[in-house]
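To be precise, the following lines are query-v4.cif, and they hold mmCIF, C-alpha atoms and all ligand atoms.
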data_final
#
loop_
_atom_site.label_atom_id
_atom_site.label_comp_id
_atom_site.auth_asym_id
_atom_site.auth_seq_id
_atom_site.Cartn_x
_atom_site.Cartn_y
_atom_site.Cartn_z
CA MET A 1 32.68 167.24 24.02
CA PRO A 2 32.03 164.33 26.44
CA MET A 3 33.26 160.95 25.33
CA THR A 4 30.68 158.31 24.47
CA THR A 5 31.22 154.76 25.72
CA PRO A 6 32.47 153.42 22.37
CA ASP A 7 34.91 156.34 22.20
CA ALA A 8 36.18 155.63 25.72
CA ALA A 9 36.68 151.95 24.83
CA ALA A 10 38.53 152.90 21.65
CA ILE A 11 40.79 155.29 23.56
CA ALA A 12 41.62 152.60 26.13
CA ALA A 13 42.36 150.07 23.36
CA GLY A 14 44.42 152.65 21.48
CA ALA A 15 46.50 153.63 24.51
CA ALA A 16 47.17 149.95 25.29
CA ALA A 17 48.22 149.31 21.68
CA LEU A 18 50.61 152.27 21.73
CA ALA A 19 52.13 151.01 24.99
CA ALA A 20 52.62 147.61 23.32
CA GLY A 21 54.54 149.23 20.45
CA ARG A 22 51.73 148.94 17.90
CA LEU A 23 50.22 151.46 15.49
CA VAL A 24 47.03 153.42 16.18
CA ALA A 25 45.23 155.64 13.68
CA PHE A 26 43.45 158.60 15.24
CA PRO A 27 41.52 161.68 14.13
CA THR A 28 42.90 165.19 14.43
CA GLU A 29 41.32 168.48 13.41
CA THR A 30 43.45 168.41 10.22
CA VAL A 31 43.69 164.81 8.93
CA TYR A 32 43.96 161.31 10.44
CA GLY A 33 47.34 160.40 11.92
CA LEU A 34 49.12 157.04 12.07
CA GLY A 35 50.57 157.01 15.58
CA ALA A 36 53.24 155.12 17.47
CA SER A 37 55.06 155.74 20.73
CA ALA A 38 57.56 158.46 19.75
CA LEU A 39 60.19 157.25 22.22
CA ASP A 40 60.11 153.65 20.92
CA PRO A 41 62.31 153.44 17.77
CA VAL A 42 61.00 149.97 16.88
CA ALA A 43 57.40 151.14 17.00
CA VAL A 44 58.32 154.22 14.94
CA ALA A 45 59.98 151.98 12.34
CA GLY A 46 56.59 150.31 11.98
CA ILE A 47 55.09 153.60 10.78
CA PHE A 48 57.58 153.83 7.91
CA ALA A 49 56.98 150.20 6.98
CA ALA A 50 53.18 150.57 7.01
CA LYS A 51 53.25 153.74 4.90
CA GLY A 52 56.01 152.69 2.53
CA ARG A 53 57.64 155.99 3.50
CA PRO A 54 61.39 156.65 3.14
CA THR A 55 62.96 156.62 6.62
CA ASP A 56 64.67 160.01 6.17
CA HIS A 57 61.27 161.77 6.11
CA PRO A 58 60.81 163.07 9.68
CA LEU A 59 57.61 162.67 11.73
CA ILE A 60 55.62 165.07 13.91
CA CYS A 61 55.51 164.39 17.68
CA HIS A 62 51.97 164.92 18.98
CA LEU A 63 51.56 166.06 22.59
CA ALA A 64 48.51 166.27 24.88
CA SER A 65 49.61 169.69 26.15
CA ALA A 66 52.29 172.33 25.65
CA ASP A 67 53.37 171.41 29.20
CA ASP A 68 54.83 168.19 27.75
CA LEU A 69 57.11 170.01 25.29
CA ALA A 70 60.17 170.67 27.45
CA PRO A 71 61.71 167.15 27.50
CA LEU A 72 61.69 166.91 23.70
CA VAL A 73 63.42 170.18 22.80
CA ALA A 74 66.74 171.87 23.53
CA ALA A 75 64.98 174.97 24.83
CA ILE A 76 61.53 176.56 24.81
CA THR A 77 62.34 179.85 23.14
CA PRO A 78 60.13 182.94 23.62
CA ASP A 79 58.90 182.46 20.01
CA ALA A 80 57.83 178.89 20.72
CA ALA A 81 56.15 179.86 23.98
CA ALA A 82 54.20 182.68 22.29
CA LEU A 83 53.05 180.50 19.39
CA ALA A 84 52.09 177.58 21.63
CA ASP A 85 50.09 179.97 23.77
CA ALA A 86 48.32 181.47 20.77
CA PHE A 87 47.66 178.40 18.62
CA TRP A 88 47.81 175.16 20.67
CA PRO A 89 45.85 173.00 20.68
CA GLY A 90 45.60 173.65 16.96
CA PRO A 91 46.84 173.08 13.41
CA LEU A 92 50.38 174.44 13.89
CA THR A 93 53.53 172.29 13.86
CA LEU A 94 56.72 173.85 15.22
CA VAL A 95 60.18 172.68 14.13
CA MET A 96 62.61 173.20 17.03
CA HIS A 97 66.07 172.05 18.10
CA ARG A 98 65.61 168.66 19.69
CA SER A 99 66.81 167.06 22.92
CA ALA A 100 68.64 163.73 23.15
CA VAL A 101 65.39 162.04 24.23
CA VAL A 102 63.94 162.05 20.69
CA PRO A 103 65.02 158.99 18.69
CA ASP A 104 66.73 159.44 15.31
CA ALA A 105 63.94 157.32 13.86
CA VAL A 106 61.51 160.21 14.47
CA THR A 107 63.69 163.03 13.14
CA GLY A 108 65.36 161.17 10.28
CA GLY A 109 68.64 161.87 12.06
CA ARG A 110 68.14 165.65 12.07
CA ASP A 111 68.99 167.85 15.05
CA THR A 112 65.46 169.26 14.94
CA VAL A 113 62.07 167.86 15.94
CA ALA A 114 58.57 168.78 14.77
CA VAL A 115 55.91 169.05 17.50
CA ARG A 116 52.25 169.92 17.78
CA VAL A 117 49.26 169.68 20.15
CA PRO A 118 46.26 168.66 18.02
CA ALA A 119 42.85 170.24 18.64
CA HIS A 120 40.73 167.10 18.64
CA PRO A 121 39.21 165.65 21.82
CA LEU A 122 39.87 162.03 20.79
CA ALA A 123 43.50 162.75 19.84
CA LEU A 124 44.07 164.54 23.15
CA ALA A 125 42.36 161.73 25.07
CA LEU A 126 44.48 159.09 23.31
CA ILE A 127 47.78 160.88 23.88
CA GLY A 128 46.81 161.66 27.47
CA ALA A 129 45.79 158.06 28.21
CA PHE A 130 49.00 156.76 26.65
CA GLY A 131 51.00 159.25 28.69
CA GLY A 132 53.77 160.16 26.25
CA PRO A 133 54.49 161.79 22.89
CA VAL A 134 52.92 160.09 19.85
CA ALA A 135 54.84 160.25 16.56
CA ALA A 136 52.40 160.39 13.68
CA PRO A 137 52.45 161.23 10.00
CA SER A 138 49.23 161.39 8.06
CA ALA A 139 47.69 157.89 7.90
CA ASN A 140 48.02 157.36 4.14
CA ARG A 141 50.31 155.27 1.97
CA PHE A 142 53.36 157.28 0.88
CA GLY A 143 52.53 159.79 -1.88
CA ARG A 144 48.75 159.47 -1.51
CA PRO A 145 46.35 162.14 -0.24
CA SER A 146 45.96 162.36 3.52
CA PRO A 147 42.92 160.55 4.96
CA THR A 148 40.07 162.68 6.30
CA ARG A 149 37.77 159.81 7.32
CA ALA A 150 38.37 156.60 9.31
CA GLN A 151 37.25 154.52 6.32
CA ASP A 152 40.05 156.04 4.20
CA VAL A 153 42.57 154.70 6.73
CA LEU A 154 40.97 151.24 6.78
CA ASP A 155 40.92 151.11 2.97
CA GLU A 156 44.56 152.08 2.64
CA LEU A 157 46.37 150.73 5.70
CA GLY A 158 43.90 148.18 7.09
CA ASP A 159 45.83 145.32 8.66
CA ALA A 160 48.92 147.36 9.54
CA VAL A 161 46.99 149.28 12.20
CA ALA A 162 46.05 147.75 15.58
CA VAL A 163 43.28 150.27 16.34
CA VAL A 164 41.51 152.90 14.21
CA ILE A 165 39.75 155.52 16.32
CA ASP A 166 36.80 156.91 14.36
CA GLY A 167 36.12 160.59 14.97
CA GLY A 168 34.08 161.18 11.83
CA PRO A 169 35.28 163.52 9.08
CA CYS A 170 38.15 165.89 9.94
CA GLU A 171 37.06 169.48 10.37
CA ILE A 172 39.92 171.25 8.55
CA GLY A 173 40.78 168.56 5.99
CA ILE A 174 44.34 169.52 5.06
CA GLU A 175 47.55 169.16 7.07
CA SER A 176 48.87 171.57 9.71
CA THR A 177 50.97 174.63 8.99
CA VAL A 178 54.65 173.69 9.56
CA LEU A 179 56.81 176.54 10.87
CA ASP A 180 60.59 176.19 11.21
CA LEU A 181 61.70 178.12 14.30
CA THR A 182 65.37 177.18 13.86
CA THR A 183 65.94 179.65 11.01
CA GLU A 184 66.06 183.44 11.05
CA PRO A 185 63.50 184.62 10.16
CA PRO A 186 61.22 181.67 11.01
CA GLN A 187 59.99 180.03 7.85
CA VAL A 188 56.75 178.37 6.85
CA LEU A 189 57.71 174.98 5.39
CA ARG A 190 54.12 173.92 4.65
CA PRO A 191 51.14 176.30 4.47
CA GLY A 192 47.97 175.37 6.37
CA ARG A 193 44.95 176.82 8.18
CA ILE A 194 47.18 179.16 10.22
CA SER A 195 48.65 181.73 7.84
CA ALA A 196 52.10 183.33 7.76
CA ASP A 197 50.40 186.63 8.60
CA GLN A 198 48.82 185.17 11.74
CA LEU A 199 52.20 183.79 12.83
CA ALA A 200 53.97 187.09 12.15
CA HIS A 201 51.31 188.93 14.15
CA VAL A 202 51.97 186.81 17.25
CA LEU A 203 55.76 186.91 16.82
CA ARG A 204 55.68 190.67 16.12
CA ARG A 205 58.18 190.24 13.31
CA ALA A 206 58.53 188.88 9.80
CA VAL A 207 57.91 185.24 8.94
CA ALA A 208 59.16 183.87 5.63
CA ALA A 209 56.28 182.43 3.62
CA GLU A 210 57.03 178.98 2.23
CA ALA A 211 59.71 178.81 -0.43
CA SER A 212 58.65 177.40 -3.76
CA GLY A 213 60.46 174.51 -5.40
CA PRO A 214 61.02 170.89 -4.52
CA ALA A 215 63.46 170.96 -1.62
CA ARG A 216 61.83 173.16 1.04
CA ALA A 217 61.10 170.61 3.74
CA PRO A 218 62.27 167.04 3.99
CA GLY A 219 59.64 164.81 2.49
CA MET A 220 57.70 167.61 0.82
CA LEU A 221 57.97 166.29 -2.70
CA GLU A 222 56.27 168.17 -5.49
CA SER A 223 54.26 165.08 -6.35
CA HIS A 224 52.80 164.63 -2.86
CA TYR A 225 49.10 164.48 -2.02
CA ALA A 226 48.24 162.96 -5.38
CA PRO A 227 45.25 160.82 -6.29
CA GLY A 228 45.51 158.15 -9.00
CA ALA A 229 43.82 160.43 -11.53
CA ARG A 230 45.79 163.22 -13.17
CA VAL A 231 45.09 166.66 -11.67
CA GLU A 232 44.88 169.83 -13.77
CA VAL A 233 44.41 173.29 -12.29
CA LEU A 234 42.20 175.63 -14.39
CA GLY A 235 41.54 179.35 -14.02
CA ASP A 236 37.74 179.26 -13.99
CA ILE A 237 34.71 177.03 -14.56
CA ASP A 238 34.36 177.96 -18.24
CA ALA A 239 37.95 176.87 -18.93
CA ALA A 240 37.36 173.71 -16.91
CA MET A 241 34.17 172.86 -18.85
CA ALA A 242 35.89 173.41 -22.20
CA ARG A 243 38.66 171.07 -21.09
CA ALA A 244 36.09 168.56 -19.81
CA ARG A 245 34.38 168.42 -23.22
CA ASP A 246 37.75 167.79 -24.90
CA ILE A 247 38.45 164.96 -22.48
CA ALA A 248 34.99 163.47 -23.06
CA GLU A 249 35.46 163.67 -26.86
CA ASP A 250 38.68 161.70 -26.46
CA GLY A 251 36.73 159.04 -24.54
CA GLY A 252 38.01 160.07 -21.13
CA ARG A 253 36.16 160.90 -17.95
CA ALA A 254 36.67 164.28 -16.28
CA GLY A 255 35.89 165.19 -12.67
CA LEU A 256 35.38 168.74 -11.44
CA ILE A 257 36.28 170.43 -8.16
CA ALA A 258 35.18 174.06 -8.35
CA PRO A 259 33.49 176.69 -6.22
CA GLY A 260 29.95 177.04 -7.51
CA ALA A 261 30.09 173.92 -9.68
CA GLY A 262 26.70 172.34 -10.16
CA ASP A 263 24.81 173.68 -13.16
CA THR A 264 27.25 171.91 -15.43
CA ASP A 265 26.52 169.40 -18.17
CA ASN A 266 27.06 165.66 -18.29
CA ALA A 267 30.56 165.93 -19.77
CA VAL A 268 31.82 166.05 -16.21
CA THR A 269 31.41 164.37 -12.82
CA VAL A 270 31.13 167.00 -10.08
CA LEU A 271 33.45 165.81 -7.28
CA ALA A 272 32.99 168.83 -5.02
CA ALA A 273 31.33 172.24 -5.21
CA PRO A 274 32.84 174.00 -2.19
CA THR A 275 31.06 177.05 -0.83
CA SER A 276 34.14 178.71 0.77
CA PRO A 277 37.92 178.21 1.03
CA ASP A 278 37.40 176.39 4.37
CA ASP A 279 34.81 174.11 2.77
CA TYR A 280 37.22 173.54 -0.14
CA ALA A 281 39.93 172.34 2.26
CA ALA A 282 37.48 170.10 4.12
CA ARG A 283 36.31 168.40 0.91
CA LEU A 284 39.51 168.26 -1.15
CA TYR A 285 41.00 164.87 -0.25
CA ALA A 286 37.63 163.09 -0.15
CA ALA A 287 37.02 164.48 -3.65
CA PHE A 288 40.38 163.05 -4.79
CA ARG A 289 39.42 159.67 -3.38
CA ARG A 290 35.95 159.81 -4.95
CA ALA A 291 37.59 160.48 -8.33
CA ASP A 292 39.63 157.30 -8.02
CA ALA A 293 36.61 155.28 -6.85
CA GLN A 294 34.52 156.52 -9.80
CA GLY A 295 37.17 155.89 -12.45
CA VAL A 296 37.80 159.55 -13.25
CA ASP A 297 40.83 160.00 -15.54
CA VAL A 298 41.43 163.72 -15.07
CA ILE A 299 40.47 165.92 -12.12
CA LEU A 300 39.86 169.52 -13.20
CA ALA A 301 40.27 171.85 -10.22
CA VAL A 302 39.38 175.54 -10.09
CA PRO A 303 41.26 176.79 -7.02
CA PRO A 304 39.87 179.05 -4.28
CA PRO A 305 41.23 182.60 -3.95
CA ALA A 306 44.73 182.80 -2.42
CA GLU A 307 43.54 184.12 0.91
CA GLY A 308 43.32 182.42 4.31
CA ILE A 309 43.35 178.64 3.95
CA GLY A 310 43.02 179.16 0.17
CA VAL A 311 46.83 179.57 0.04
CA ALA A 312 47.25 176.08 1.50
CA VAL A 313 44.58 174.55 -0.76
CA ARG A 314 46.33 176.00 -3.82
CA ASP A 315 49.62 174.54 -2.54
CA ARG A 316 48.08 171.05 -2.28
CA LEU A 317 46.46 171.33 -5.72
CA ALA A 318 49.77 172.40 -7.28
CA ARG A 319 51.57 169.47 -5.64
CA ALA A 320 48.88 167.02 -6.73
CA ALA A 321 49.12 168.37 -10.29
CA ALA A 322 52.94 168.15 -10.40
CA GLY A 323 54.99 165.18 -11.39
CA ARG A 324 52.40 163.01 -13.11
O1 LIG B 1 48.21 167.99 10.23
C1 LIG B 1 49.25 167.33 10.31
O2 LIG B 1 50.35 167.85 10.44
C2 LIG B 1 49.11 165.80 10.25
C3 LIG B 1 48.38 165.34 11.51
C4 LIG B 1 48.31 163.85 11.61
O3 LIG B 1 49.01 165.89 12.65
N1 LIG B 1 50.40 165.18 10.12
C5 LIG B 1 51.14 165.24 9.00
O4 LIG B 1 52.32 164.53 9.08
O5 LIG B 1 50.80 165.83 8.01
P1 LIG B 1 53.26 164.25 7.82
O6 LIG B 1 54.31 163.33 8.30
O7 LIG B 1 52.43 163.77 6.70
O8 LIG B 1 53.92 165.64 7.52
C6 LIG B 1 54.89 166.15 8.40
C7 LIG B 1 55.58 167.32 7.79
C8 LIG B 1 56.43 166.91 6.62
O9 LIG B 1 56.30 167.87 5.60
C9 LIG B 1 57.83 166.93 7.18
O10 LIG B 1 58.80 167.23 6.20
C10 LIG B 1 57.75 168.03 8.23
O11 LIG B 1 56.46 167.91 8.77
N2 LIG B 1 58.74 167.80 9.30
C11 LIG B 1 58.69 166.89 10.29
N3 LIG B 1 59.80 166.95 11.05
C12 LIG B 1 60.55 167.93 10.54
C13 LIG B 1 61.84 168.48 10.86
N4 LIG B 1 62.54 168.02 11.89
N5 LIG B 1 62.30 169.48 10.10
C14 LIG B 1 61.58 169.95 9.05
N6 LIG B 1 60.38 169.48 8.69
C15 LIG B 1 59.88 168.48 9.41
MG MG B 2 51.65 163.19 4.98
#
Represent the structure from my file as structure tokens, please.
Ligand code: TXA
Ligand code: MG
Amino acid sequence: MPMTTPDAAAIAAGAAALAAGRLVAFPTETVYGLGASALDPVAVAGIFAAKGRPTDHPLICHLASADDLAPLVAAITPDAAALADAFWPGPLTLVMHRSAVVPDAVTGGRDTVAVRVPAHPLALALIGAFGGPVAAPSANRFGRPSPTRAQDVLDELGDAVAVVIDGGPCEIGIESTVLDLTTEPPQVLRPGRISADQLAHVLRRAVAAEASGPARAPGMLESHYAPGARVEVLGDIDAAMARARDIAEDGGRAGLIAPGAGDTDNAVTVLAAPTSPDDYAARLYAAFRRADAQGVDVILAVPPPAEGIGVAVRDRLARAAAGR
């Protein structure tokens, strides 16, 4: 995709801001990231301040190419090389033993670092123009859903960000798969578009699917990814509509996210009617935000089947439903 003039200007402004130690929000194929120079601990501290995120929650280092990986890690293992070759640029984050170059501010003091090469032309252009690794979490306030549109970032982080690069809506819509390569077997810490089966196929051996429970990965709280409205997960549309009528009778307002939603009655606000698991992922966080904007009290979600990206969508729904 060739860069238009406004894009080129935004990239130049973004790279200059990163070099000056400031924060730049940029699109990736998954969600928008809030970036800072990964090798500048003061700039990285600004990310935690802007998000309101606890400083022991580690960040992902974004690279323009797998060729830039070597300085950040202790060693490029055969597993890492095979996965990078198969999936980068793409929605896969690898947790590896780190080198001394990576500041503690990025890793939360761990001896591991998370790295990925995003598959978005504007992200790659920004990182390339800056010329170094860019530490970036999702560009949301701590505990909120990840942003999938530039406007979401402006609404939530506004003044804290020097430049917001607008790449339109994110294609995938939920965060990258996180794979820990420092354990045996390698373990999925966060499910995403790339499944455990796909990873195992490339590695030619078993991969542990993500463990359930609160303490799998640092910063992966059960209550993450949550909108302001309460989220309830229902088995099918009929159950969701029955629940919606109860909520309406009690004077509340229900919103619905369900495959095939549409021919429903006025007891419910349809927030999204995804046509496939991929479409579900792409629409999920915007639907959460729409619920909050429209004053919905309870989001009723009928999950996609647990196949492909559906596994990751169900993970995010369960987290959004927990702890409120
Ligand atoms: O798709 C994505 O991954 C997006 C885009 C912007 O790249 N980024 C993102 O970042 O979701 P964040 O900070 O919201 O999530 C990073 C995840 C967290 O679950 C964190 O615990 C895990 O990666 N992580 C980072 N460094 C780690 C480490 N050293 N060990 C284990 N997990 C780590
Ligand atoms: Mg996040």
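Atom N4 of ligand LIG 1 (chain B) is found 8.4 Å from atom CA of Arg98 of chain A.
Atom pair atom CA of Ala261 of chain A / atom CA of Leu300 of chain A: separated by 11.3 Å.
The space between atom C7 of ligand LIG 1 (chain B) and atom CA of Pro145 of chain A spans 13.3 Å.
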Name the residues, by chain letter and number, that sit within 7 Å of ligand MG 2 (chain B) using all atoms listed in the file, and give them as a list in words. Pro137, Ser138, Asn140 and Ser146 of chain A
Please write out the residues within 8 Å of ligand LIG 1 (chain B) as number ranges by chain, counting all atoms listed in the file. A: 27-34, 57-60, 62, 91-93, 95-96, 106-108, 110-116, 118, 136-139, 146, 174-178, 180, 189-190, 217-220
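The smallest atom-to-atom distance between Leu122 of chain A and any of A:Ala25, A:Asp40, A:Ala206, A:Gly52, using all atoms listed in the file, is found for A:Ala25.
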For segment 140-150 of chain A, take all atoms listed in the file, fit an axis-aligned box around them, add 4 Å to each of the six sides, then output centre and edge lengths in Å rounded to one decimal, as JSON.
{"center_x": 45.6, "center_y": 159.0, "center_z": 3.7, "size_x": 23.6, "size_y": 15.4, "size_z": 19.2}
May I have the residues at most 6 Å from (44.2, 177.0, -4.1) in the file's coordinates, counting only C-alpha atoms, as a VMD selection string? chain A and resid 303 to 304 310 to 311 313 to 314
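All protein and nucleic acid residues in the vicinity of (46.2, 161.9, 28.4), that is within 12 Å when counting only C-alpha atoms, are A:Ile11, A:Ala12, A:Gly14, A:Ala15, A:His62, A:Leu63, A:Ala64, A:Ser65, A:Asp67, A:Asp68, A:Val117, A:Pro121, A:Leu122, A:Ala123, A:Leu124, A:Ala125, A:Leu126, A:Ile127, A:Gly128, A:Ala129, A:Phe130, A:Gly131, A:Gly132, A:Pro133, A:Val134.
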Please complete segment 151-167 of chain A so it has N, CA and C atoms, and hand it over as a PDB file, in the frame of the given file.
ATOM      1  N   GLN A 151      37.333 155.536   7.377  1.00  0.00           N
ATOM      2  CA  GLN A 151      37.250 154.520   6.320  1.00  0.00           C
ATOM      3  C   GLN A 151      38.425 154.631   5.343  1.00  0.00           C
ATOM      4  N   ASP A 152      38.893 155.853   5.093  1.00  0.00           N
ATOM      5  CA  ASP A 152      40.050 156.040   4.200  1.00  0.00           C
ATOM      6  C   ASP A 152      41.260 155.295   4.755  1.00  0.00           C
ATOM      7  N   VAL A 153      41.431 155.364   6.078  1.00  0.00           N
ATOM      8  CA  VAL A 153      42.570 154.700   6.730  1.00  0.00           C
ATOM      9  C   VAL A 153      42.416 153.186   6.595  1.00  0.00           C
ATOM     10  N   LEU A 154      41.217 152.690   6.871  1.00  0.00           N
ATOM     11  CA  LEU A 154      40.970 151.240   6.780  1.00  0.00           C
ATOM     12  C   LEU A 154      41.216 150.757   5.363  1.00  0.00           C
ATOM     13  N   ASP A 155      40.747 151.510   4.369  1.00  0.00           N
ATOM     14  CA  ASP A 155      40.920 151.110   2.970  1.00  0.00           C
ATOM     15  C   ASP A 155      42.395 151.019   2.605  1.00  0.00           C
ATOM     16  N   GLU A 156      43.191 151.952   3.134  1.00  0.00           N
ATOM     17  CA  GLU A 156      44.560 152.080   2.640  1.00  0.00           C
ATOM     18  C   GLU A 156      45.584 151.346   3.506  1.00  0.00           C
ATOM     19  N   LEU A 157      45.360 151.304   4.806  1.00  0.00           N
ATOM     20  CA  LEU A 157      46.370 150.730   5.700  1.00  0.00           C
ATOM     21  C   LEU A 157      45.877 149.501   6.454  1.00  0.00           C
ATOM     22  N   GLY A 158      44.559 149.349   6.492  1.00  0.00           N
ATOM     23  CA  GLY A 158      43.900 148.180   7.090  1.00  0.00           C
ATOM     24  C   GLY A 158      44.682 147.420   8.136  1.00  0.00           C
ATOM     25  N   ASP A 159      45.241 146.285   7.727  1.00  0.00           N
ATOM     26  CA  ASP A 159      45.830 145.320   8.660  1.00  0.00           C
ATOM     27  C   ASP A 159      47.053 145.837   9.411  1.00  0.00           C
ATOM     28  N   ALA A 160      47.697 146.869   8.892  1.00  0.00           N
ATOM     29  CA  ALA A 160      48.920 147.360   9.540  1.00  0.00           C
ATOM     30  C   ALA A 160      48.627 148.081  10.847  1.00  0.00           C
ATOM     31  N   VAL A 161      47.356 148.452  11.056  1.00  0.00           N
ATOM     32  CA  VAL A 161      46.990 149.280  12.200  1.00  0.00           C
ATOM     33  C   VAL A 161      46.256 148.435  13.235  1.00  0.00           C
ATOM     34  N   ALA A 162      46.688 148.542  14.520  1.00  0.00           N
ATOM     35  CA  ALA A 162      46.050 147.750  15.580  1.00  0.00           C
ATOM     36  C   ALA A 162      44.666 148.292  15.913  1.00  0.00           C
ATOM     37  N   VAL A 163      44.545 149.629  15.973  1.00  0.00           N
ATOM     38  CA  VAL A 163      43.280 150.270  16.340  1.00  0.00           C
ATOM     39  C   VAL A 163      43.088 151.489  15.440  1.00  0.00           C
ATOM     40  N   VAL A 164      41.871 151.670  14.896  1.00  0.00           N
ATOM     41  CA  VAL A 164      41.510 152.900  14.210  1.00  0.00           C
ATOM     42  C   VAL A 164      40.430 153.592  15.032  1.00  0.00           C
ATOM     43  N   ILE A 165      40.728 154.759  15.539  1.00  0.00           N
ATOM     44  CA  ILE A 165      39.750 155.520  16.320  1.00  0.00           C
ATOM     45  C   ILE A 165      38.964 156.399  15.359  1.00  0.00           C
ATOM     46  N   ASP A 166      37.640 156.197  15.328  1.00  0.00           N
ATOM     47  CA  ASP A 166      36.800 156.910  14.360  1.00  0.00           C
ATOM     48  C   ASP A 166      36.214 158.163  14.984  1.00  0.00           C
ATOM     49  N   GLY A 167      36.643 159.309  14.481  1.00  0.00           N
ATOM     50  CA  GLY A 167      36.120 160.590  14.970  1.00  0.00           C
ATOM     51  C   GLY A 167      35.273 161.282  13.925  1.00  0.00           C
TER      52      GLY A 167
END
